[in-house]
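Participant: Could you have a look at this structure, given as structure tokens, before my questions?
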2 protein chains.
Amino acid sequence: MGRVKISPISGFPEYLPAERIVEQHFLDVIRETFELHGFPSIETRAVEPVERLLGKGGDADKEIYAVSRLAAEDSAADAELGLHFDLTVPFARYVLENAGHLPFPFRRHQIQKVWRGERPQEGRYREFTQADIDVVDVGALAPHFEAEMPLVVAEVFRRLPIGPMVIQVNNRKIPEGFYLGLGIEDVTGTLRIVDKLDKIGPAKVADALVDAGCTEEQAARCLALAEIRSEDLSFVERVRALGVEHPILDEGLEALGAVIQAGLDNAPGAMVADLKIARGLDYYTGTVYETQLVGYESWGSFCSGGRYDSLASDGRTTYPGVGISIGVSRLLGLLLGKGLLKASRSTPACVLVAVNDEASRRSSTRVATALRGRGIPCEVAPAAAKFGKQIRYAERRGIPYVWFPGGGGSGDQVKDIRSGDQVDADGSTWSPPAEDLAPQIVRA
Amino acid sequence: MGRVKISPISGFPEYLPAERIVEQHFLDVIRETFELHGFPSIETRAVEPVERLLGKGGDADKEIYAVSRLAAEDSAADAELGLHFDLTVPFARYVLENAGHLPFPFRRHQIQKVWRGERPQEGRYREFTQADIDVVDVGALAPHFEAEMPLVVAEVFRRLPIGPMVIQVNNRKIPEGFYLGLGIEDVTGTLRIVDKLDKIGPAKVADALVDAGCTEEQAARCLALAEIRSEDLSFVERVRALGVEHPILDEGLEALGAVIQAGLDNAPGAMVADLKIARGLDYYTGTVYETQLVGYESWGSFCSGGRYDSLASDGRTTYPGVGISIGVSRLLGLLLGKGLLKASRSTPACVLVAVNDEASRRSSTRVATALRGRGIPCEVAPAAAKFGKQIRYAERRGIPYVWFPGGGGSGDQVKDIRSGDQVDADGSTWSPPAEDLAPQIVRA
């Protein structure tokens, strides 16, 4: 190979090993928490038929990466394929394809890369990792699953080294019933305007509502509803105090109450009823979720989802579902990019076994084998250089211990190169403190 | 969405949850073993510039999937991208791109999907997972790394529930020096013919060698070399007994001896010196590896690699490397396809917490939260159905325990639904036997 210019491809981030260790920690915690809550993993292939990807509303077609064989003799022989842009479309297809083999209600988690041909910008990627959980059932889905999803996510965030996250929960039926009770017929149009509250402020939302046909009184009450936010069940009284009645509103308040109550019982402080949350107007039909990192609200939501009455349908059977998706790459990209997190070392190795001379490399390797047999990650020094140089090799990677095999009658010793402490040690019994065994994730 | 025909895409396998549990176990063991040996993880983006993928010899271009934005207004605005077909080409690019930030010798592992547009056949996929380790250095690479690679792989296979694997090791310098010592000048052509030994047998190989210009005596000695195989160092004597001398042969014998000795020291029975192994004629320059599952030799090699003097080069600096790649999907596809392995259950959940009635779901959820707090994966029953139905829900998924929350003064009980044993239990203290905590992988 001649000299070839190497440059990153915009929107396709790659990590150095120490950053990847932080990412792995996040992915491990997410998977472990999903599994604790009984969500088995599935993976779907990276590609779906383009027609299936295009079927999914909005201008999703702008975002799709098409895939084709470079040397296809007959391009018609390949199905027209595209890379998936989320994990929901492939999951819906997987459910339909395997319905006969899946036990319903079916729970699954899915942690995979997705691709979007969008223009890259800070915190937005063309290749990124999402971590989803969903529960899907046949025909009808019990409402308690809507309370379960944010408990799982609350536990994920509690276990991650990132400070408090707040899950904002609403139920689509609350604004819907409220607007209908107020005599507003265009529920979706009204939601769409109220959804701009954070961007344009209450005065402009009120004007837009009046422009859309609301009375000033109706507009004021819509805004009053959207401003209600409570960590406990008091939101119910506050909505009631606005004096609007409708059976759909009652349903929504009861459903959101059950979600918030489950949060108070099992994850106090993690959830807030926030009646301005409206996301996913087109397909969410019940509970909706967004998530903010406290102190970094301007970064937006890292985790969102909700209930859809028709996650999938084959035309005969409808599969309602509820799910939530963590935007792992966007969260990590910001935390790493702002220097808020780092790994304590750039390698899993906890011990570097020094080599006295190349002739005794066999002894060093045997020490390493003994340590590994007891679960201690280690590496043998690459060269029988002066010990100072071998120690610097460990230092550069953040490996905390250097092991000196004995020889000529003396026994082995191990040195904590952070403190300089050096003690006699036996490869068949020595263990590091638990906190040194694996790299630690350190908050800056 | 209307009714859409759903069918699998040939060459893009997907697993049901129980199969995925087996795959996850394999991937976890591989990663854990790689980390024990001090190989940090990296991931590279799924795409590389097509020109970089095409640069890699052979007819690789036939296998590349090109990627382009479906709705690109100006297709020239996008770089011409393709999905990577292995993890070596992206790793070489990553090393060049990040050379200033990597500590050398640089070790990494990489477990990712790759894509090839090949015609699918049994055990061959268009999307599949590979697990690679490599060590790369600047300018020169110490030979002991060639002995380290198969030790790592031997430990992976020892920890996997698959019966014995044998790592066949050779060193390119042995046939090269031997042929040169015999007076054969076309080393590569000769290797190419001898490489067909398993396919066409010794008689046809001898004929082909003679056709290519060897004497019958030379052909016989080439065959005699290729037939040498030993689990210990005796291969050296057997090569010497063929009476051929050359300094490159001496180098090769010494190098292979060091690899086999490391195997005898640290992984007895895992390696064999097998002098017919020749793979990767074009770029391997030292040790080469292949791997056979004992009893399933006809399935071919699941794991292969070797040393290359130029893993990467930017035209000024050359980076020699040694690496080995495990074909995870091909191995698993055969083991699962032949029914040789299965998971003991289709969910991580160890306990199903029953629900007495919907009004008491809160108590069941609190039990689940307590169990999860102590690392016990569980799920709350989806409906307050009759207990028989709740037990069948657990049975269908292989969940071994059903928890019955007390009520009306009685305490909680837990039932092992395999044995029928039911005992009093407290959510803050009860634990399952360790072997029930996670799904087990069972050999059929």
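In the structure tokens, the first chain shown is A, the next is B, and so on; residue numbers restart at 1 for each chain, and ligands run from 1 in the order shown.
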Distance table requested - chain A against chain B, cut-off 6 Å, only C-alpha atoms: one row per qualifying residue with the closest atom pair and its distance in Å to one decimal, ordered by chain and rising residue number, as a Markdown table.

Facilitator:
```
| residue | atom | partner | partner_atom | distance |
| --- | --- | --- | --- | --- |
| A:Gly2 | CA | B:Gly315 | CA | 5.4 |
| A:Arg3 | CA | B:Gly315 | CA | 4.5 |
| A:Ile6 | CA | B:Glu97 | CA | 5.7 |
| A:Glu14 | CA | B:Thr44 | CA | 6.0 |
| A:Pro17 | CA | B:Ile42 | CA | 5.8 |
| A:Glu35 | CA | B:Pro348 | CA | 5.5 |
| A:Leu36 | CA | B:Pro377 | CA | 3.7 |
| A:His37 | CA | B:Cys378 | CA | 5.5 |
| A:Gly38 | CA | B:Ala349 | CA | 4.4 |
| A:Pro40 | CA | B:Thr347 | CA | 4.9 |
| A:Ile42 | CA | B:Pro17 | CA | 5.8 |
| A:Thr44 | CA | B:Glu14 | CA | 6.0 |
| A:Lys62 | CA | B:Ala71 | CA | 5.1 |
| A:Ile64 | CA | B:Leu70 | CA | 5.6 |
| A:Tyr65 | CA | B:Arg69 | CA | 4.5 |
| A:Ala66 | CA | B:Ser68 | CA | 5.3 |
| A:Val67 | CA | B:Val67 | CA | 4.7 |
| A:Ser68 | CA | B:Ala66 | CA | 5.3 |
| A:Arg69 | CA | B:Tyr65 | CA | 4.5 |
| A:Leu70 | CA | B:Ala66 | CA | 5.4 |
| A:Ala71 | CA | B:Lys62 | CA | 5.1 |
| A:Glu97 | CA | B:Ile6 | CA | 5.8 |
| A:Gly117 | CA | B:Arg69 | CA | 5.9 |
| A:Asp314 | CA | B:Arg3 | CA | 4.8 |
| A:Gly315 | CA | B:Arg3 | CA | 4.5 |
| A:Thr347 | CA | B:Pro40 | CA | 4.9 |
| A:Pro348 | CA | B:Gly38 | CA | 5.5 |
| A:Ala349 | CA | B:Gly38 | CA | 4.4 |
| A:Arg372 | CA | B:Leu36 | CA | 5.9 |
| A:Pro377 | CA | B:Leu36 | CA | 3.7 |
| A:Cys378 | CA | B:Gly38 | CA | 5.3 |
| A:Glu379 | CA | B:Gly38 | CA | 5.2 |
```

Participant: Write out as a PyMOL selection string all residues of stretch 25-109 of chain A that DSSP puts in strand (DSSP E) for this structure's backbone.

Facilitator: chain A and resi 47-49+65-69+81-83+106-109

Participant: Which residues come within 12 Å of B:Lys196, counting only C-alpha atoms, excluding same-chain residues fewer than 2 positions away, as an MDAnalysis selection string?

Facilitator: chainID B and resid 189:194 198:206 208:209 223 226 276:279

Participant: Restrict the selected residues to N, CA and C atoms and save them as a PDB file, in the first residue's frame.

Facilitator:
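Generated file (again.pdb):
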```pdb
ATOM      1  N   GLY B 189       4.441 -20.560  -5.598  1.00  0.00           N
ATOM      2  CA  GLY B 189       3.754 -21.527  -6.459  1.00  0.00           C
ATOM      3  C   GLY B 189       3.724 -22.907  -5.825  1.00  0.00           C
ATOM      4  N   THR B 190       4.834 -23.293  -5.202  1.00  0.00           N
ATOM      5  CA  THR B 190       4.904 -24.601  -4.558  1.00  0.00           C
ATOM      6  C   THR B 190       3.951 -24.675  -3.369  1.00  0.00           C
ATOM      7  N   LEU B 191       3.955 -23.608  -2.555  1.00  0.00           N
ATOM      8  CA  LEU B 191       3.035 -23.552  -1.406  1.00  0.00           C
ATOM      9  C   LEU B 191       1.590 -23.682  -1.866  1.00  0.00           C
ATOM     10  N   ARG B 192       1.299 -23.007  -2.958  1.00  0.00           N
ATOM     11  CA  ARG B 192      -0.073 -22.996  -3.458  1.00  0.00           C
ATOM     12  C   ARG B 192      -0.522 -24.411  -3.828  1.00  0.00           C
ATOM     13  N   ILE B 193       0.404 -25.166  -4.405  1.00  0.00           N
ATOM     14  CA  ILE B 193       0.060 -26.552  -4.772  1.00  0.00           C
ATOM     15  C   ILE B 193      -0.071 -27.419  -3.516  1.00  0.00           C
ATOM     16  N   VAL B 194       0.896 -27.317  -2.612  1.00  0.00           N
ATOM     17  CA  VAL B 194       0.880 -28.154  -1.408  1.00  0.00           C
ATOM     18  C   VAL B 194      -0.353 -27.841  -0.551  1.00  0.00           C
ATOM     19  N   ASP B 198      -5.230 -31.378   1.412  1.00  0.00           N
ATOM     20  CA  ASP B 198      -6.451 -31.917   2.004  1.00  0.00           C
ATOM     21  C   ASP B 198      -7.552 -32.114   0.967  1.00  0.00           C
ATOM     22  N   LYS B 199      -7.515 -31.276  -0.064  1.00  0.00           N
ATOM     23  CA  LYS B 199      -8.590 -31.342  -1.058  1.00  0.00           C
ATOM     24  C   LYS B 199      -8.361 -32.429  -2.101  1.00  0.00           C
ATOM     25  N   ILE B 200      -7.116 -32.549  -2.613  1.00  0.00           N
ATOM     26  CA  ILE B 200      -6.907 -33.434  -3.770  1.00  0.00           C
ATOM     27  C   ILE B 200      -6.032 -34.639  -3.441  1.00  0.00           C
ATOM     28  N   GLY B 201      -5.445 -34.691  -2.258  1.00  0.00           N
ATOM     29  CA  GLY B 201      -4.653 -35.860  -1.860  1.00  0.00           C
ATOM     30  C   GLY B 201      -3.215 -35.796  -2.342  1.00  0.00           C
ATOM     31  N   PRO B 202      -2.333 -36.626  -1.717  1.00  0.00           N
ATOM     32  CA  PRO B 202      -0.888 -36.529  -1.986  1.00  0.00           C
ATOM     33  C   PRO B 202      -0.498 -36.893  -3.419  1.00  0.00           C
ATOM     34  N   ALA B 203      -1.167 -37.866  -4.040  1.00  0.00           N
ATOM     35  CA  ALA B 203      -0.747 -38.295  -5.377  1.00  0.00           C
ATOM     36  C   ALA B 203      -0.890 -37.145  -6.368  1.00  0.00           C
ATOM     37  N   LYS B 204      -2.048 -36.461  -6.317  1.00  0.00           N
ATOM     38  CA  LYS B 204      -2.271 -35.369  -7.265  1.00  0.00           C
ATOM     39  C   LYS B 204      -1.382 -34.166  -6.963  1.00  0.00           C
ATOM     40  N   VAL B 205      -1.090 -33.956  -5.665  1.00  0.00           N
ATOM     41  CA  VAL B 205      -0.171 -32.869  -5.330  1.00  0.00           C
ATOM     42  C   VAL B 205       1.209 -33.165  -5.924  1.00  0.00           C
ATOM     43  N   ALA B 206       1.656 -34.430  -5.786  1.00  0.00           N
ATOM     44  CA  ALA B 206       2.968 -34.807  -6.334  1.00  0.00           C
ATOM     45  C   ALA B 206       2.998 -34.586  -7.847  1.00  0.00           C
ATOM     46  N   ALA B 208       1.179 -32.528  -9.580  1.00  0.00           N
ATOM     47  CA  ALA B 208       1.148 -31.096  -9.881  1.00  0.00           C
ATOM     48  C   ALA B 208       2.519 -30.450  -9.645  1.00  0.00           C
ATOM     49  N   LEU B 209       3.216 -30.919  -8.599  1.00  0.00           N
ATOM     50  CA  LEU B 209       4.548 -30.372  -8.322  1.00  0.00           C
ATOM     51  C   LEU B 209       5.504 -30.706  -9.457  1.00  0.00           C
ATOM     52  N   LEU B 223       6.130 -33.240   0.033  1.00  0.00           N
ATOM     53  CA  LEU B 223       4.995 -33.941   0.641  1.00  0.00           C
ATOM     54  C   LEU B 223       5.345 -34.451   2.037  1.00  0.00           C
ATOM     55  N   ALA B 226       5.039 -31.704   4.457  1.00  0.00           N
ATOM     56  CA  ALA B 226       3.649 -31.313   4.726  1.00  0.00           C
ATOM     57  C   ALA B 226       2.942 -32.323   5.628  1.00  0.00           C
ATOM     58  N   LYS B 276       1.556 -28.542   7.179  1.00  0.00           N
ATOM     59  CA  LYS B 276       0.879 -28.330   5.893  1.00  0.00           C
ATOM     60  C   LYS B 276       0.055 -27.035   5.885  1.00  0.00           C
ATOM     61  N   ILE B 277      -0.085 -26.410   7.048  1.00  0.00           N
ATOM     62  CA  ILE B 277      -0.898 -25.179   7.115  1.00  0.00           C
ATOM     63  C   ILE B 277      -0.156 -24.054   6.391  1.00  0.00           C
ATOM     64  N   ALA B 278      -0.811 -23.426   5.437  1.00  0.00           N
ATOM     65  CA  ALA B 278      -0.107 -22.434   4.617  1.00  0.00           C
ATOM     66  C   ALA B 278      -0.849 -21.128   4.454  1.00  0.00           C
ATOM     67  N   ARG B 279      -2.012 -21.002   4.971  1.00  0.00           N
ATOM     68  CA  ARG B 279      -3.019 -19.965   4.633  1.00  0.00           C
ATOM     69  C   ARG B 279      -2.447 -18.567   4.387  1.00  0.00           C
TER      70      ARG B 279
END
```

Participant: Taking only C-alpha atoms into account, which of B:Leu335, B:Val138, B:Leu180, B:Val288 comes nearest B:Gly100?

Facilitator: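 For B:Gly100, the nearest of the given residues is B:Val138.
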
Participant: Between A:Leu53, A:Arg172, A:Ala381, A:Leu437, which one has atoms that come closest to A:Asp195, using only C-alpha atoms?

Facilitator: A:Arg172

Participant: Can you list, as a PyMOL selection string, every residue of stretch 307-348 of chain B that DSSP puts in alpha helix (DSSP H)?

Facilitator: chain B and resi 328-337

Participant: Mind dumping the selected residues with C-alpha atoms as an mmCIF file, in the first residue's frame?

Facilitator:
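Final output, result26.cif:
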```cif
data_model
loop_
_atom_site.group_PDB
_atom_site.id
_atom_site.type_symbol
_atom_site.label_atom_id
_atom_site.label_comp_id
_atom_site.auth_asym_id
_atom_site.auth_seq_id
_atom_site.Cartn_x
_atom_site.Cartn_y
_atom_site.Cartn_z
ATOM 1 C CA VAL B 328 -18.102 -16.480 15.809
ATOM 2 C CA SER B 329 -21.162 -16.621 13.548
ATOM 3 C CA ARG B 330 -19.933 -19.558 11.514
ATOM 4 C CA LEU B 331 -19.075 -21.562 14.640
ATOM 5 C CA LEU B 332 -22.366 -20.723 16.359
ATOM 6 C CA GLY B 333 -24.412 -21.216 13.223
ATOM 7 C CA LEU B 334 -23.164 -24.783 12.962
ATOM 8 C CA LEU B 335 -23.430 -25.576 16.695
ATOM 9 C CA LEU B 336 -26.968 -24.176 16.929
ATOM 10 C CA GLY B 337 -27.987 -25.433 13.507
#
```

Participant: Would you kindly return, as a ChimeraX atom specification, each protein, DNA or RNA residue with an atom no farther than 9 Å from any atom of A:Gly181, considering only C-alpha atoms and excluding same-chain residues fewer than 2 positions away?

Facilitator: /A:176-179,183-184,244-249

Participant: I want to know what sits within 7 Å of B:Phe302, based on only C-alpha atoms, with residues of the same chain fewer than 3 positions away left out; could you give that as a VMD selection string?

Facilitator: chain B and resid 291 to 292 326 to 327 331

Participant: Next, write the just-selected residues to a file, as a PDB file, in the first residue's frame, keeping N, CA and C atoms as the atom set.

Facilitator:
```pdb
ATOM      1  N   THR B 291      -7.685 -23.519  12.995  1.00  0.00           N
ATOM      2  CA  THR B 291      -8.271 -24.171  14.166  1.00  0.00           C
ATOM      3  C   THR B 291      -9.345 -25.160  13.740  1.00  0.00           C
ATOM      4  N   GLN B 292      -9.305 -26.350  14.326  1.00  0.00           N
ATOM      5  CA  GLN B 292     -10.326 -27.357  14.040  1.00  0.00           C
ATOM      6  C   GLN B 292     -11.030 -27.780  15.320  1.00  0.00           C
ATOM      7  N   ILE B 326     -11.572 -15.036  15.261  1.00  0.00           N
ATOM      8  CA  ILE B 326     -12.515 -16.125  15.519  1.00  0.00           C
ATOM      9  C   ILE B 326     -13.789 -15.861  14.718  1.00  0.00           C
ATOM     10  N   GLY B 327     -14.192 -16.825  13.915  1.00  0.00           N
ATOM     11  CA  GLY B 327     -15.420 -16.699  13.128  1.00  0.00           C
ATOM     12  C   GLY B 327     -16.620 -17.106  13.968  1.00  0.00           C
ATOM     13  N   LEU B 331     -19.136 -20.544  13.594  1.00  0.00           N
ATOM     14  CA  LEU B 331     -19.075 -21.562  14.640  1.00  0.00           C
ATOM     15  C   LEU B 331     -20.444 -21.755  15.291  1.00  0.00           C
TER      16      LEU B 331
END
```

Participant: Do you have the atom CA of A:Gly388-atom CA of A:Trp403 distance handy?

Facilitator: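 If I compute the distance from atom CA of A:Gly388 to atom CA of A:Trp403, I get 12.7 Å.
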